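Raw entry-v1.txt, compact mmCIF, C-alpha atoms and all ligand atoms:
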# COMPACT_ATOMS: atom_id res chain seq x y z
CA MET A 102 161.99 120.09 95.06
CA ALA A 103 159.12 118.50 96.99
CA SER A 104 158.44 120.04 100.38
CA GLY A 105 157.80 117.95 103.45
CA LYS A 106 155.82 120.76 105.14
CA GLN A 107 152.70 119.50 106.85
CA ALA A 108 149.42 121.22 107.63
CA ALA A 109 146.55 120.42 109.98
CA GLY A 110 144.11 117.79 108.73
CA GLU A 111 146.60 115.86 106.65
CA ARG A 112 146.01 112.14 106.26
CA TYR A 113 148.49 109.51 107.40
CA LEU A 114 148.41 105.78 106.79
CA VAL A 115 150.46 103.83 109.34
CA THR A 116 150.64 100.15 108.44
CA GLY A 117 151.75 97.79 111.21
CA GLY A 118 150.65 100.47 113.69
CA ALA A 119 149.63 97.89 116.32
CA GLY A 120 153.21 96.65 116.64
CA PHE A 121 156.07 97.99 118.73
CA ILE A 122 157.51 100.82 116.62
CA GLY A 123 154.29 101.55 114.69
CA SER A 124 152.32 102.18 117.89
CA SER A 125 155.12 104.38 119.29
CA PHE A 126 155.07 106.29 116.02
CA VAL A 127 151.29 106.84 116.22
CA ARG A 128 151.80 108.25 119.73
CA ALA A 129 154.58 110.56 118.53
CA LEU A 130 152.57 111.64 115.47
CA ARG A 131 149.46 112.47 117.48
CA ARG A 132 151.58 114.59 119.81
CA ARG A 133 153.29 116.40 116.93
CA HIS A 134 150.22 116.81 114.67
CA PRO A 135 147.15 116.51 116.91
CA ARG A 136 144.76 117.50 114.12
CA ALA A 137 146.09 115.09 111.50
CA SER A 138 143.97 112.10 110.57
CA VAL A 139 145.65 108.75 111.22
CA THR A 140 144.54 105.42 109.78
CA VAL A 141 146.24 102.29 111.09
CA LEU A 142 146.14 99.18 108.89
CA ASP A 143 147.27 96.10 110.78
CA LYS A 144 146.67 92.37 110.36
CA LEU A 145 147.03 91.80 114.12
CA THR A 146 149.44 88.89 113.82
CA TYR A 147 150.82 87.43 117.07
CA ALA A 148 153.00 90.59 117.27
CA GLY A 149 150.19 93.09 116.73
CA ASN A 150 148.31 94.13 119.84
CA PRO A 151 145.27 96.46 119.92
CA ALA A 152 146.18 97.27 123.54
CA ASN A 153 149.18 99.19 122.17
CA LEU A 154 146.76 101.70 120.64
CA SER A 155 143.86 101.60 123.10
CA GLU A 156 144.40 105.23 124.16
CA PHE A 157 143.36 106.37 120.64
CA GLU A 158 140.17 104.34 120.27
CA GLY A 159 137.21 106.63 119.63
CA THR A 160 139.37 109.78 119.41
CA PRO A 161 138.71 112.22 116.56
CA GLY A 162 140.71 111.63 113.39
CA TYR A 163 141.82 108.11 114.35
CA ALA A 164 140.74 104.92 112.58
CA PHE A 165 141.90 101.34 112.99
CA VAL A 166 141.43 98.86 110.14
CA ARG A 167 142.22 95.21 110.66
CA GLY A 168 143.62 93.95 107.37
CA ASP A 169 146.58 92.47 105.52
CA ILE A 170 148.92 94.65 103.44
CA CYS A 171 149.05 91.72 100.97
CA ASP A 172 145.28 92.03 100.40
CA ALA A 173 145.04 94.25 97.31
CA ALA A 174 141.28 94.83 97.74
CA VAL A 175 141.62 96.17 101.30
CA VAL A 176 144.65 98.27 100.38
CA GLU A 177 142.93 99.68 97.25
CA ARG A 178 139.80 100.62 99.18
CA LEU A 179 141.86 102.51 101.75
CA PHE A 180 144.09 104.33 99.28
CA ALA A 181 141.04 105.33 97.21
CA GLY A 182 140.03 107.47 100.22
CA GLY A 183 143.31 109.41 99.83
CA PHE A 184 146.46 109.66 101.96
CA ASP A 185 149.13 112.34 102.09
CA TRP A 186 151.74 110.36 104.02
CA VAL A 187 152.20 106.61 104.12
CA LEU A 188 154.58 104.85 106.51
CA ASN A 189 154.94 101.11 106.10
CA PHE A 190 155.94 99.48 109.38
CA ALA A 191 153.99 96.27 108.70
CA ALA A 192 156.33 93.30 108.62
CA GLU A 193 157.18 89.95 110.03
CA THR A 194 160.14 90.98 112.17
CA HIS A 195 161.71 88.21 114.21
CA VAL A 196 164.90 86.70 112.78
CA ASP A 197 164.50 83.44 114.73
CA ARG A 198 161.01 82.89 113.33
CA SER A 199 162.26 83.66 109.82
CA ILE A 200 164.82 80.87 110.19
CA GLY A 201 162.13 78.36 111.17
CA ASP A 202 159.50 79.48 108.65
CA PRO A 203 160.50 82.06 106.01
CA GLY A 204 157.32 81.97 103.85
CA GLN A 205 155.32 84.63 105.66
CA PHE A 206 158.37 86.92 105.68
CA VAL A 207 158.60 86.76 101.90
CA MET A 208 154.87 87.47 101.66
CA THR A 209 154.54 90.42 104.02
CA ASP A 210 158.00 91.98 103.76
CA MET A 211 158.16 91.77 99.96
CA TYR A 212 154.75 91.11 98.39
CA GLY A 213 152.99 93.30 100.96
CA VAL A 214 155.30 96.20 100.04
CA TYR A 215 154.43 95.63 96.35
CA THR A 216 150.70 95.80 97.13
CA LEU A 217 151.11 99.11 98.94
CA LEU A 218 153.36 100.59 96.24
CA GLU A 219 150.89 99.64 93.51
CA ALA A 220 148.07 101.36 95.37
CA ALA A 221 150.26 104.44 95.86
CA ARG A 222 150.90 104.47 92.10
CA ARG A 223 147.15 104.62 91.40
CA HIS A 224 146.36 107.06 94.20
CA PRO A 225 149.23 109.53 94.55
CA VAL A 226 150.64 110.32 97.97
CA ARG A 227 153.04 113.05 99.05
CA ARG A 228 155.54 110.63 100.51
CA PHE A 229 155.81 106.87 100.99
CA VAL A 230 158.22 105.89 103.75
CA GLN A 231 159.39 102.28 103.64
CA ILE A 232 160.69 101.28 107.06
CA SER A 233 163.61 99.04 106.18
CA THR A 234 166.37 97.90 108.55
CA ASP A 235 170.13 98.03 109.02
CA GLU A 236 170.07 94.22 108.77
CA VAL A 237 169.91 94.52 104.97
CA TYR A 238 173.68 95.24 104.97
CA GLY A 239 174.39 91.89 106.57
CA GLU A 240 177.06 91.70 109.25
CA VAL A 241 179.35 94.72 109.35
CA LEU A 242 182.78 93.96 110.75
CA GLY A 243 184.64 97.10 109.64
CA ASP A 244 183.56 100.75 109.32
CA PRO A 245 179.86 101.41 109.90
CA ALA A 246 177.86 100.87 106.68
CA GLY A 247 176.93 103.99 104.71
CA GLU A 248 173.79 103.97 102.58
CA GLU A 249 175.81 103.02 99.47
CA ALA A 250 177.31 99.90 101.08
CA PRO A 251 176.34 96.64 99.39
CA LEU A 252 173.26 94.84 100.65
CA LEU A 253 174.35 91.39 101.83
CA PRO A 254 171.49 90.11 104.00
CA ARG A 255 172.17 86.74 105.57
CA ASN A 256 168.88 85.55 107.07
CA PRO A 257 165.39 85.29 105.54
CA TYR A 258 164.07 88.28 107.54
CA ALA A 259 166.90 90.55 106.41
CA ALA A 260 166.69 89.27 102.83
CA SER A 261 162.92 89.82 102.65
CA LYS A 262 163.36 93.34 104.02
CA ALA A 263 166.09 93.99 101.44
CA GLY A 264 163.61 92.92 98.74
CA GLY A 265 160.96 95.33 100.04
CA ASP A 266 163.58 98.09 100.38
CA ARG A 267 164.79 97.78 96.79
CA LEU A 268 161.27 97.32 95.38
CA ALA A 269 160.28 100.60 97.04
CA TYR A 270 163.32 102.29 95.48
CA SER A 271 162.42 100.86 92.06
CA TYR A 272 159.01 102.59 92.24
CA PHE A 273 160.85 105.88 92.72
CA ALA A 274 163.30 105.23 89.88
CA THR A 275 160.72 103.79 87.48
CA TYR A 276 157.45 105.60 88.27
CA GLY A 277 158.64 108.64 90.19
CA LEU A 278 156.79 107.59 93.33
CA PRO A 279 157.98 109.84 96.22
CA VAL A 280 159.59 107.04 98.21
CA VAL A 281 161.94 107.46 101.19
CA ILE A 282 163.64 104.44 102.74
CA THR A 283 164.95 104.23 106.30
CA ARG A 284 167.33 101.64 107.72
CA CYS A 285 167.34 101.85 111.49
CA CYS A 286 169.40 99.92 114.00
CA ASN A 287 167.96 97.80 116.85
CA ASN A 288 165.15 99.50 118.78
CA TYR A 289 164.20 99.05 122.41
CA GLY A 290 161.51 100.56 124.62
CA PRO A 291 157.99 99.97 125.94
CA TYR A 292 155.47 97.77 124.06
CA GLN A 293 158.11 95.58 122.36
CA TYR A 294 156.94 92.01 121.90
CA PRO A 295 158.81 89.90 124.46
CA GLU A 296 160.50 87.62 121.95
CA LYS A 297 163.09 90.34 121.17
CA LEU A 298 166.28 90.60 123.20
CA ILE A 299 165.64 93.44 125.65
CA PRO A 300 161.98 92.74 126.55
CA LEU A 301 162.72 88.99 126.71
CA PHE A 302 165.60 89.54 129.10
CA ALA A 303 163.65 92.07 131.18
CA THR A 304 160.53 89.92 131.50
CA ASN A 305 162.48 86.69 132.12
CA ALA A 306 164.56 88.40 134.79
CA ILE A 307 161.46 89.85 136.48
CA ALA A 308 160.03 86.31 136.57
CA GLY A 309 163.35 84.89 137.89
CA GLU A 310 163.88 82.88 134.68
CA ARG A 311 167.08 82.37 132.72
CA LEU A 312 168.28 84.84 130.08
CA PRO A 313 169.11 82.80 126.95
CA VAL A 314 172.31 84.11 125.35
CA TYR A 315 173.11 82.82 121.87
CA GLY A 316 176.64 81.46 121.43
CA SER A 317 179.36 83.60 122.99
CA GLY A 318 177.10 86.58 123.76
CA ARG A 319 179.62 88.80 121.98
CA ASN A 320 177.35 89.69 119.02
CA ARG A 321 177.00 93.45 118.82
CA ARG A 322 174.12 95.72 117.84
CA ASP A 323 173.65 99.50 117.85
CA TRP A 324 170.70 100.15 120.20
CA ILE A 325 168.31 103.09 119.82
CA HIS A 326 165.34 104.06 121.96
CA VAL A 327 162.14 103.75 119.96
CA ASP A 328 161.22 107.39 120.72
CA ASP A 329 164.44 108.47 118.98
CA HIS A 330 163.63 106.31 115.95
CA CYS A 331 160.17 107.92 115.80
CA SER A 332 161.56 111.46 116.09
CA ALA A 333 163.93 110.65 113.21
CA LEU A 334 160.96 109.56 111.09
CA LEU A 335 159.02 112.72 111.93
CA ALA A 336 162.07 114.81 111.03
CA LEU A 337 162.38 112.99 107.71
CA LEU A 338 158.72 113.56 106.87
CA GLU A 339 159.38 117.27 107.23
CA ALA A 340 162.64 117.31 105.25
CA PRO A 341 162.32 118.74 101.75
CA GLY A 342 163.68 117.06 98.64
CA VAL A 343 164.60 113.67 100.09
CA GLU A 344 162.55 111.50 97.72
CA GLY A 345 164.40 108.49 96.32
CA GLN A 346 166.92 108.55 99.15
CA VAL A 347 167.88 106.01 101.77
CA PHE A 348 168.61 107.14 105.35
CA ASN A 349 170.37 105.09 107.97
CA VAL A 350 169.18 105.75 111.52
CA GLY A 351 171.65 104.95 114.28
CA ALA A 352 172.60 105.91 117.82
CA ASP A 353 176.37 105.14 117.99
CA ASN A 354 175.57 102.94 120.94
CA GLU A 355 177.06 99.52 120.30
CA LYS A 356 176.61 96.90 122.97
CA ASP A 357 177.00 93.14 122.95
CA VAL A 358 174.45 90.72 124.36
CA LEU A 359 176.35 90.08 127.60
CA GLU A 360 176.54 93.83 128.27
CA ILE A 361 172.77 94.09 127.74
CA ALA A 362 172.18 91.14 130.08
CA ALA A 363 174.32 92.79 132.78
CA LEU A 364 172.47 96.12 132.44
CA VAL A 365 169.05 94.48 132.64
CA LEU A 366 170.01 92.30 135.62
CA GLY A 367 171.65 95.31 137.31
CA ALA A 368 168.51 97.44 136.87
CA LEU A 369 166.45 94.67 138.51
CA GLU A 370 169.06 93.74 141.14
CA LYS A 371 168.96 90.13 139.90
CA PRO A 372 171.94 87.74 139.98
CA ALA A 373 174.34 87.23 137.07
CA THR A 374 173.72 83.47 137.45
CA LEU A 375 170.50 83.97 135.44
CA VAL A 376 172.62 84.31 132.29
CA ALA A 377 172.42 80.98 130.40
CA HIS A 378 174.13 80.22 127.11
CA VAL A 379 172.08 78.50 124.40
CA VAL A 380 173.01 76.97 121.04
CA ASP A 381 173.78 79.84 118.67
CA ARG A 382 171.30 81.16 116.08
CA PRO A 383 172.22 79.83 112.59
CA GLY A 384 173.87 82.53 110.48
CA HIS A 385 173.98 84.83 113.53
CA ASP A 386 175.29 88.20 112.31
CA ARG A 387 178.15 89.25 114.56
CA ARG A 388 177.66 92.97 114.29
CA TYR A 389 175.45 95.65 112.74
CA ALA A 390 176.65 99.25 112.54
CA VAL A 391 175.53 102.17 110.38
CA ASP A 392 176.87 105.59 109.50
CA TRP A 393 173.88 107.93 109.81
CA GLY A 394 175.60 111.19 108.81
CA ARG A 395 173.24 111.65 105.85
CA LEU A 396 170.22 111.86 108.19
CA ARG A 397 172.03 114.31 110.48
CA GLU A 398 172.88 116.53 107.54
CA ALA A 399 169.39 116.43 106.00
CA THR A 400 167.45 117.06 109.22
CA GLY A 401 169.72 118.04 112.10
CA TRP A 402 168.25 115.05 114.00
CA ARG A 403 170.20 113.43 116.80
CA PRO A 404 169.20 110.69 119.25
CA ALA A 405 168.23 112.17 122.63
CA VAL A 406 167.81 109.22 125.01
CA PRO A 407 171.03 108.20 126.84
CA PHE A 408 171.21 104.40 126.73
CA GLU A 409 171.63 103.58 130.40
CA GLU A 410 168.72 105.89 131.28
CA GLY A 411 166.63 104.43 128.46
CA ILE A 412 167.32 100.87 129.57
CA ARG A 413 166.47 101.61 133.20
CA ALA A 414 163.20 103.32 132.19
CA THR A 415 162.36 100.45 129.83
CA VAL A 416 163.01 97.78 132.45
CA ARG A 417 160.85 99.77 134.86
CA TRP A 418 158.08 99.90 132.23
CA TYR A 419 158.06 96.10 131.97
CA GLN A 420 158.04 95.87 135.79
CA GLU A 421 155.03 98.16 135.91
CA HIS A 422 153.17 96.53 132.98
CA GLU A 423 153.07 92.85 133.80
CA ASP A 424 149.40 92.96 132.75
CA TRP A 425 150.64 93.85 129.22
CA TRP A 426 153.30 91.15 128.78
CA ARG A 427 152.22 88.23 130.96
CA PRO A 428 149.37 87.17 128.63
CA LEU A 429 151.77 87.35 125.65
CA LYS A 430 154.16 84.83 127.24
CA SER A 431 151.75 81.92 127.03
CA GLY A 432 150.33 79.49 124.46
CA GLU A 433 152.06 79.80 121.07
CA PHE A 434 154.86 81.89 122.55
CA LEU A 435 155.84 79.13 124.98
CA GLU A 436 155.82 76.58 122.16
CA PHE A 437 158.06 78.83 120.09
CA TYR A 438 160.33 79.38 123.09
CA LYS A 439 160.75 75.66 123.74
CA ARG A 440 161.33 74.95 120.06
CA ASN A 441 163.80 77.79 119.61
CA TYR A 442 166.19 77.59 122.55
CA LYS A 443 168.56 74.75 123.35
CA PHE A 444 170.09 75.48 126.75
CA LEU A 445 173.68 74.32 127.10
CA ASP A 446 173.47 73.37 130.76
CA ALA A 447 170.86 70.97 132.10
CA ARG A 448 169.72 73.21 134.95
CA PRO A 449 165.89 73.22 134.87
CA GLU A 450 163.93 76.44 135.31
CA PRO A 451 161.75 76.52 138.44
CA GLY A 452 158.42 75.08 137.25
CA GLU A 453 159.79 74.58 133.75
CA GLY A 454 160.67 70.89 133.85
CA PRO A 455 163.95 69.52 132.53
CA ALA A 456 165.75 71.79 130.06
CA THR A 457 166.11 70.25 126.59
P1 LIG B 501 156.51 94.24 115.33
O1 LIG B 501 156.70 92.80 115.00
O2 LIG B 501 156.40 94.65 116.76
O3 LIG B 501 155.17 94.76 114.61
C1 LIG B 501 154.83 94.45 113.30
C2 LIG B 501 153.38 94.84 113.08
O4 LIG B 501 153.05 94.55 111.70
C3 LIG B 501 152.39 94.05 113.95
O5 LIG B 501 151.42 94.92 114.51
C4 LIG B 501 151.76 93.07 112.98
O6 LIG B 501 150.42 92.70 113.34
C5 LIG B 501 151.80 93.88 111.69
N1 LIG B 501 151.76 93.03 110.49
C6 LIG B 501 152.53 91.94 110.22
N2 LIG B 501 152.21 91.42 109.03
C7 LIG B 501 151.24 92.24 108.52
C8 LIG B 501 150.53 92.23 107.30
N3 LIG B 501 150.72 91.28 106.37
N4 LIG B 501 149.61 93.20 107.10
C9 LIG B 501 149.37 94.16 108.04
N5 LIG B 501 150.01 94.18 109.20
C10 LIG B 501 150.95 93.24 109.45
O7 LIG B 501 157.65 95.00 114.58
P2 LIG B 501 158.45 96.33 114.97
O8 LIG B 501 159.63 95.97 115.77
O9 LIG B 501 157.51 97.35 115.44
O10 LIG B 501 159.02 96.75 113.53
C11 LIG B 501 158.29 97.64 112.69
C12 LIG B 501 159.06 97.87 111.42
O11 LIG B 501 160.34 98.40 111.71
C13 LIG B 501 159.31 96.58 110.61
O12 LIG B 501 159.15 96.90 109.25
C14 LIG B 501 160.74 96.23 110.93
O13 LIG B 501 161.32 95.51 109.88
C15 LIG B 501 161.35 97.61 111.09
N6 LIG B 501 162.52 97.69 111.96
C16 LIG B 501 162.47 97.19 113.22
C17 LIG B 501 163.59 97.32 114.04
C18 LIG B 501 163.55 96.82 115.47
O14 LIG B 501 164.59 96.86 116.15
N7 LIG B 501 162.42 96.38 116.00
C19 LIG B 501 164.75 97.94 113.56
C20 LIG B 501 164.76 98.43 112.25
C21 LIG B 501 163.64 98.30 111.46
P1 LIG B 502 167.05 90.37 118.35
O1 LIG B 502 166.35 91.18 119.40
O2 LIG B 502 166.39 89.10 117.90
O3 LIG B 502 167.34 91.34 117.13
P2 LIG B 502 168.21 91.07 115.78
O4 LIG B 502 168.69 89.67 115.75
O5 LIG B 502 167.19 91.33 114.73
O6 LIG B 502 169.32 92.05 115.85
O7 LIG B 502 168.52 90.00 118.86
C1 LIG B 502 169.47 90.97 119.21
C2 LIG B 502 170.78 90.27 119.55
O8 LIG B 502 170.57 89.48 120.72
C3 LIG B 502 171.26 89.30 118.49
O9 LIG B 502 172.69 89.29 118.51
C4 LIG B 502 170.75 87.95 118.96
C5 LIG B 502 170.83 88.10 120.47
N1 LIG B 502 169.81 87.34 121.22
C6 LIG B 502 170.22 86.44 122.23
O10 LIG B 502 171.42 86.23 122.48
N2 LIG B 502 169.24 85.78 122.92
C7 LIG B 502 167.92 85.95 122.66
O11 LIG B 502 167.07 85.31 123.32
C8 LIG B 502 167.53 86.88 121.63
C9 LIG B 502 166.08 87.10 121.32
C10 LIG B 502 168.52 87.55 120.95
Output the file's structure in the form of structure tokens.
Amino acid sequence: MASGKQAAGERYLVTGGAGFIGSSFVRALRRRHPRASVTVLDKLTYAGNPANLSEFEGTPGYAFVRGDICDAAVVERLFAGGFDWVLNFAAETHVDRSIGDPGQFVMTDMYGVYTLLEAARRHPVRRFVQISTDEVYGEVLGDPAGEEAPLLPRNPYAASKAGGDRLAYSYFATYGLPVVITRCCNNYGPYQYPEKLIPLFATNAIAGERLPVYGSGRNRRDWIHVDDHCSALLALLEAPGVEGQVFNVGADNEKDVLEIAALVLGALEKPATLVAHVVDRPGHDRRYAVDWGRLREATGWRPAVPFEEGIRATVRWYQEHEDWWRPLKSGEFLEFYKRNYKFLDARPEPGEGPAT
């Protein structure tokens, strides 16, 4: 049975480390294993932001490499140097963008996983963690999905992630690669790119802009604080004998979009009139829900951040870090925003011109 025990000086590869969860994970890892060496490989797409990792620049044992996980030469060169632990966070992650333009999702979320797995086959690692998602189950209308539930992804993001998830498993079953797969629910917290629900609502509300709610606003997600997701991953790295297994990560904290809007507006003391319904997302999954008992049994892990506290602290973080998000809500983001949302009333935003 392989042990997950870690010692000082071990080498971690964190792909996608300049994104939301990857950068939170690097922070958690450095706290837990200060003497470990950490290499971040990140393409710095629109969602990757070096500012998320600026505190580590020039610190001992930390290296940042700008590169694409689909680029076999870059990946081979890095793996040839040797890694003990690999965590693949790198992905295209926004469902709405996957609906408009699925190609890059298929590349990064499937082919990119293949490139990493091939390198890990040539240069053995102690564990390869593929960060998958609960969206691979598709919408869950009954009991929360266990790890053996069928994978029925319904949008190109979820389908590409399901491909990467199963490819990673196939390298365990076929080549004995020590793969572990995690399927976490929706994350929220600091440093999340403001196209996703909670940072979009928080930053729009701070700016006095409308909160675009798809369809009825009754679509439900299980929300977890990113620090809890990262502590689950650290716990799994340390768990012995889990190779080849899938672990759901959840928080038993289901909320619908209108409830989230109310919490965000409440935290900012902004009026409910900012809620604005928009034409629904095509194929919008009504609900995601996972049973994460397997993780609890294997590690004893439990989420620690109470949701209402987590939301208030997160909203406060966006209030206090306008310098982080304001530059992101410009240029290409505004074009995407205009293209993506069709407001159902004609009320124009202050300074926004007529709504389309
Ligand atoms: P994110 O979009 O904030 O960050 C993704 C990072 O990957 C960015 O830094 C980006 O530059 C990098 N990247 C993209 N394509 C790349 C490529 N080809 N090569 C190298 N780097 C590349 O995403 P996130 O929310 O931090 O999600 C991280 C992972 O967690 C993803 O795999 C996602 O599917 C998974 N996940 C996310 C959630 C969530 O709620 N955010 C939930 C479950 C699982
Ligand atoms: P999102 O953050 O895009 O995550 P995912 O779709 O991957 O779960 O969306 C979370 C929920 O919020 C989902 O039901 C879609 C809804 N939503 C809105 O209603 N308006 C928005 O502007 C966004 C981004 C999401």
- Hey, which residues come within 10 Å of ligand LIG 502 (chain B) if we count all atoms listed in the file? Could you give them as a PyMOL selection string? chain A and resi 194-198+234-236+256+258-259+286-289+293-302+311-324+356-359+361-362+377-382+385-389+438+441-442
Save the residues we just selected, C-alpha atoms, as an mmCIF file, in the frame of the given file?
data_model
loop_
_atom_site.group_PDB
_atom_site.id
_atom_site.type_symbol
_atom_site.label_atom_id
_atom_site.label_comp_id
_atom_site.auth_asym_id
_atom_site.auth_seq_id
_atom_site.Cartn_x
_atom_site.Cartn_y
_atom_site.Cartn_z
ATOM 1 C CA THR A 194 160.140 90.980 112.170
ATOM 2 C CA HIS A 195 161.710 88.210 114.210
ATOM 3 C CA VAL A 196 164.900 86.700 112.780
ATOM 4 C CA ASP A 197 164.500 83.440 114.730
ATOM 5 C CA ARG A 198 161.010 82.890 113.330
ATOM 6 C CA THR A 234 166.370 97.900 108.550
ATOM 7 C CA ASP A 235 170.130 98.030 109.020
ATOM 8 C CA GLU A 236 170.070 94.220 108.770
ATOM 9 C CA ASN A 256 168.880 85.550 107.070
ATOM 10 C CA TYR A 258 164.070 88.280 107.540
ATOM 11 C CA ALA A 259 166.900 90.550 106.410
ATOM 12 C CA CYS A 286 169.400 99.920 114.000
ATOM 13 C CA ASN A 287 167.960 97.800 116.850
ATOM 14 C CA ASN A 288 165.150 99.500 118.780
ATOM 15 C CA TYR A 289 164.200 99.050 122.410
ATOM 16 C CA GLN A 293 158.110 95.580 122.360
ATOM 17 C CA TYR A 294 156.940 92.010 121.900
ATOM 18 C CA PRO A 295 158.810 89.900 124.460
ATOM 19 C CA GLU A 296 160.500 87.620 121.950
ATOM 20 C CA LYS A 297 163.090 90.340 121.170
ATOM 21 C CA LEU A 298 166.280 90.600 123.200
ATOM 22 C CA ILE A 299 165.640 93.440 125.650
ATOM 23 C CA PRO A 300 161.980 92.740 126.550
ATOM 24 C CA LEU A 301 162.720 88.990 126.710
ATOM 25 C CA PHE A 302 165.600 89.540 129.100
ATOM 26 C CA ARG A 311 167.080 82.370 132.720
ATOM 27 C CA LEU A 312 168.280 84.840 130.080
ATOM 28 C CA PRO A 313 169.110 82.800 126.950
ATOM 29 C CA VAL A 314 172.310 84.110 125.350
ATOM 30 C CA TYR A 315 173.110 82.820 121.870
ATOM 31 C CA GLY A 316 176.640 81.460 121.430
ATOM 32 C CA SER A 317 179.360 83.600 122.990
ATOM 33 C CA GLY A 318 177.100 86.580 123.760
ATOM 34 C CA ARG A 319 179.620 88.800 121.980
ATOM 35 C CA ASN A 320 177.350 89.690 119.020
ATOM 36 C CA ARG A 321 177.000 93.450 118.820
ATOM 37 C CA ARG A 322 174.120 95.720 117.840
ATOM 38 C CA ASP A 323 173.650 99.500 117.850
ATOM 39 C CA TRP A 324 170.700 100.150 120.200
ATOM 40 C CA LYS A 356 176.610 96.900 122.970
ATOM 41 C CA ASP A 357 177.000 93.140 122.950
ATOM 42 C CA VAL A 358 174.450 90.720 124.360
ATOM 43 C CA LEU A 359 176.350 90.080 127.600
ATOM 44 C CA ILE A 361 172.770 94.090 127.740
ATOM 45 C CA ALA A 362 172.180 91.140 130.080
ATOM 46 C CA ALA A 377 172.420 80.980 130.400
ATOM 47 C CA HIS A 378 174.130 80.220 127.110
ATOM 48 C CA VAL A 379 172.080 78.500 124.400
ATOM 49 C CA VAL A 380 173.010 76.970 121.040
ATOM 50 C CA ASP A 381 173.780 79.840 118.670
ATOM 51 C CA ARG A 382 171.300 81.160 116.080
ATOM 52 C CA HIS A 385 173.980 84.830 113.530
ATOM 53 C CA ASP A 386 175.290 88.200 112.310
ATOM 54 C CA ARG A 387 178.150 89.250 114.560
ATOM 55 C CA ARG A 388 177.660 92.970 114.290
ATOM 56 C CA TYR A 389 175.450 95.650 112.740
ATOM 57 C CA TYR A 438 160.330 79.380 123.090
ATOM 58 C CA ASN A 441 163.800 77.790 119.610
ATOM 59 C CA TYR A 442 166.190 77.590 122.550
#
- Counting all atoms listed in the file, the residue of A:Val416, A:Ala269, A:Pro404, A:Val391 that sits nearest Asp244 in chain A: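 Closest to Asp244 in chain A, using all atoms listed in the file: A:Val391.
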- Compile the contact shell of Phe206 in chain A as a list of chain:residue names: residues with an atom at most 8 Å away, counting all atoms listed in the file, same-chain residues fewer than 4 positions apart removed.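 My reading of the contact set: A:Ala192, A:Glu193, A:Thr194, A:Ser199, A:Asp210, A:Met211, A:Pro257, A:Tyr258, A:Ser261.
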Using the selection just defined, write its residues with C-alpha atoms as a PDB file, in the frame of the given file.
ATOM      1  CA  ALA A 192     156.330  93.300 108.620  1.00  0.00           C
ATOM      2  CA  GLU A 193     157.180  89.950 110.030  1.00  0.00           C
ATOM      3  CA  THR A 194     160.140  90.980 112.170  1.00  0.00           C
ATOM      4  CA  SER A 199     162.260  83.660 109.820  1.00  0.00           C
ATOM      5  CA  ASP A 210     158.000  91.980 103.760  1.00  0.00           C
ATOM      6  CA  MET A 211     158.160  91.770  99.960  1.00  0.00           C
ATOM      7  CA  PRO A 257     165.390  85.290 105.540  1.00  0.00           C
ATOM      8  CA  TYR A 258     164.070  88.280 107.540  1.00  0.00           C
ATOM      9  CA  SER A 261     162.920  89.820 102.650  1.00  0.00           C
TER      10      SER A 261
END
- Using only C-alpha atoms, determine which residues lie at most 9 Å from Ala137 in chain A, disregarding the query and same-chain residues fewer than 3 positions distant; provide the list as an MDAnalysis selection string. chainID A and resid 108:113 130:131 134 162:163
Write out as a tab-separated table the residues of chain A that have any atom within 7 Å of an atom of ligand LIG 501 (chain B), one row each with the nearest atom pair and its distance in Å to one decimal, counting all atoms listed in the file, sorted by chain and then rising number.
residue	atom	partner	partner_atom	distance
A:Thr116	CA	B:LIG501	N5	6.1
A:Gly117	CA	B:LIG501	O4	3.5
A:Gly118	CA	B:LIG501	O5	5.7
A:Ala119	CA	B:LIG501	O5	3.9
A:Gly120	CA	B:LIG501	O5	3.3
A:Phe121	CA	B:LIG501	O9	3.6
A:Ile122	CA	B:LIG501	O9	3.7
A:Gly123	CA	B:LIG501	O9	5.3
A:Leu142	CA	B:LIG501	C9	6.0
A:Asp143	CA	B:LIG501	N5	3.7
A:Lys144	CA	B:LIG501	N5	4.0
A:Leu145	CA	B:LIG501	O6	3.6
A:Thr146	CA	B:LIG501	O6	4.0
A:Tyr147	CA	B:LIG501	O6	6.5
A:Ala148	CA	B:LIG501	C3	4.8
A:Gly149	CA	B:LIG501	O5	3.1
A:Asn150	CA	B:LIG501	O5	6.2
A:Gly168	CA	B:LIG501	C9	5.8
A:Asp169	CA	B:LIG501	N4	3.5
A:Ile170	CA	B:LIG501	N4	4.0
A:Cys171	CA	B:LIG501	N3	5.7
A:Asn189	CA	B:LIG501	O12	6.7
A:Phe190	CA	B:LIG501	C12	4.1
A:Ala191	CA	B:LIG501	O4	3.6
A:Ala192	CA	B:LIG501	C6	4.3
A:Glu193	CA	B:LIG501	C6	5.1
A:Thr194	CA	B:LIG501	O1	4.8
A:His195	CA	B:LIG501	O1	6.8
A:Thr209	CA	B:LIG501	N3	4.6
A:Gly213	CA	B:LIG501	N3	6.2
A:Ile232	CA	B:LIG501	O12	5.1
A:Ser233	CA	B:LIG501	C21	5.3
A:Thr234	CA	B:LIG501	C21	4.0
A:Asp235	CA	B:LIG501	C20	6.3
A:Lys262	CA	B:LIG501	O13	6.6
A:Arg284	CA	B:LIG501	C20	6.1
A:Cys285	CA	B:LIG501	C20	4.4
A:Cys286	CA	B:LIG501	C19	5.1
A:Asn287	CA	B:LIG501	O14	3.6
A:Asn288	CA	B:LIG501	O14	3.8
A:Tyr289	CA	B:LIG501	O14	6.6
A:Gln293	CA	B:LIG501	O2	5.9
A:Tyr294	CA	B:LIG501	O2	5.8
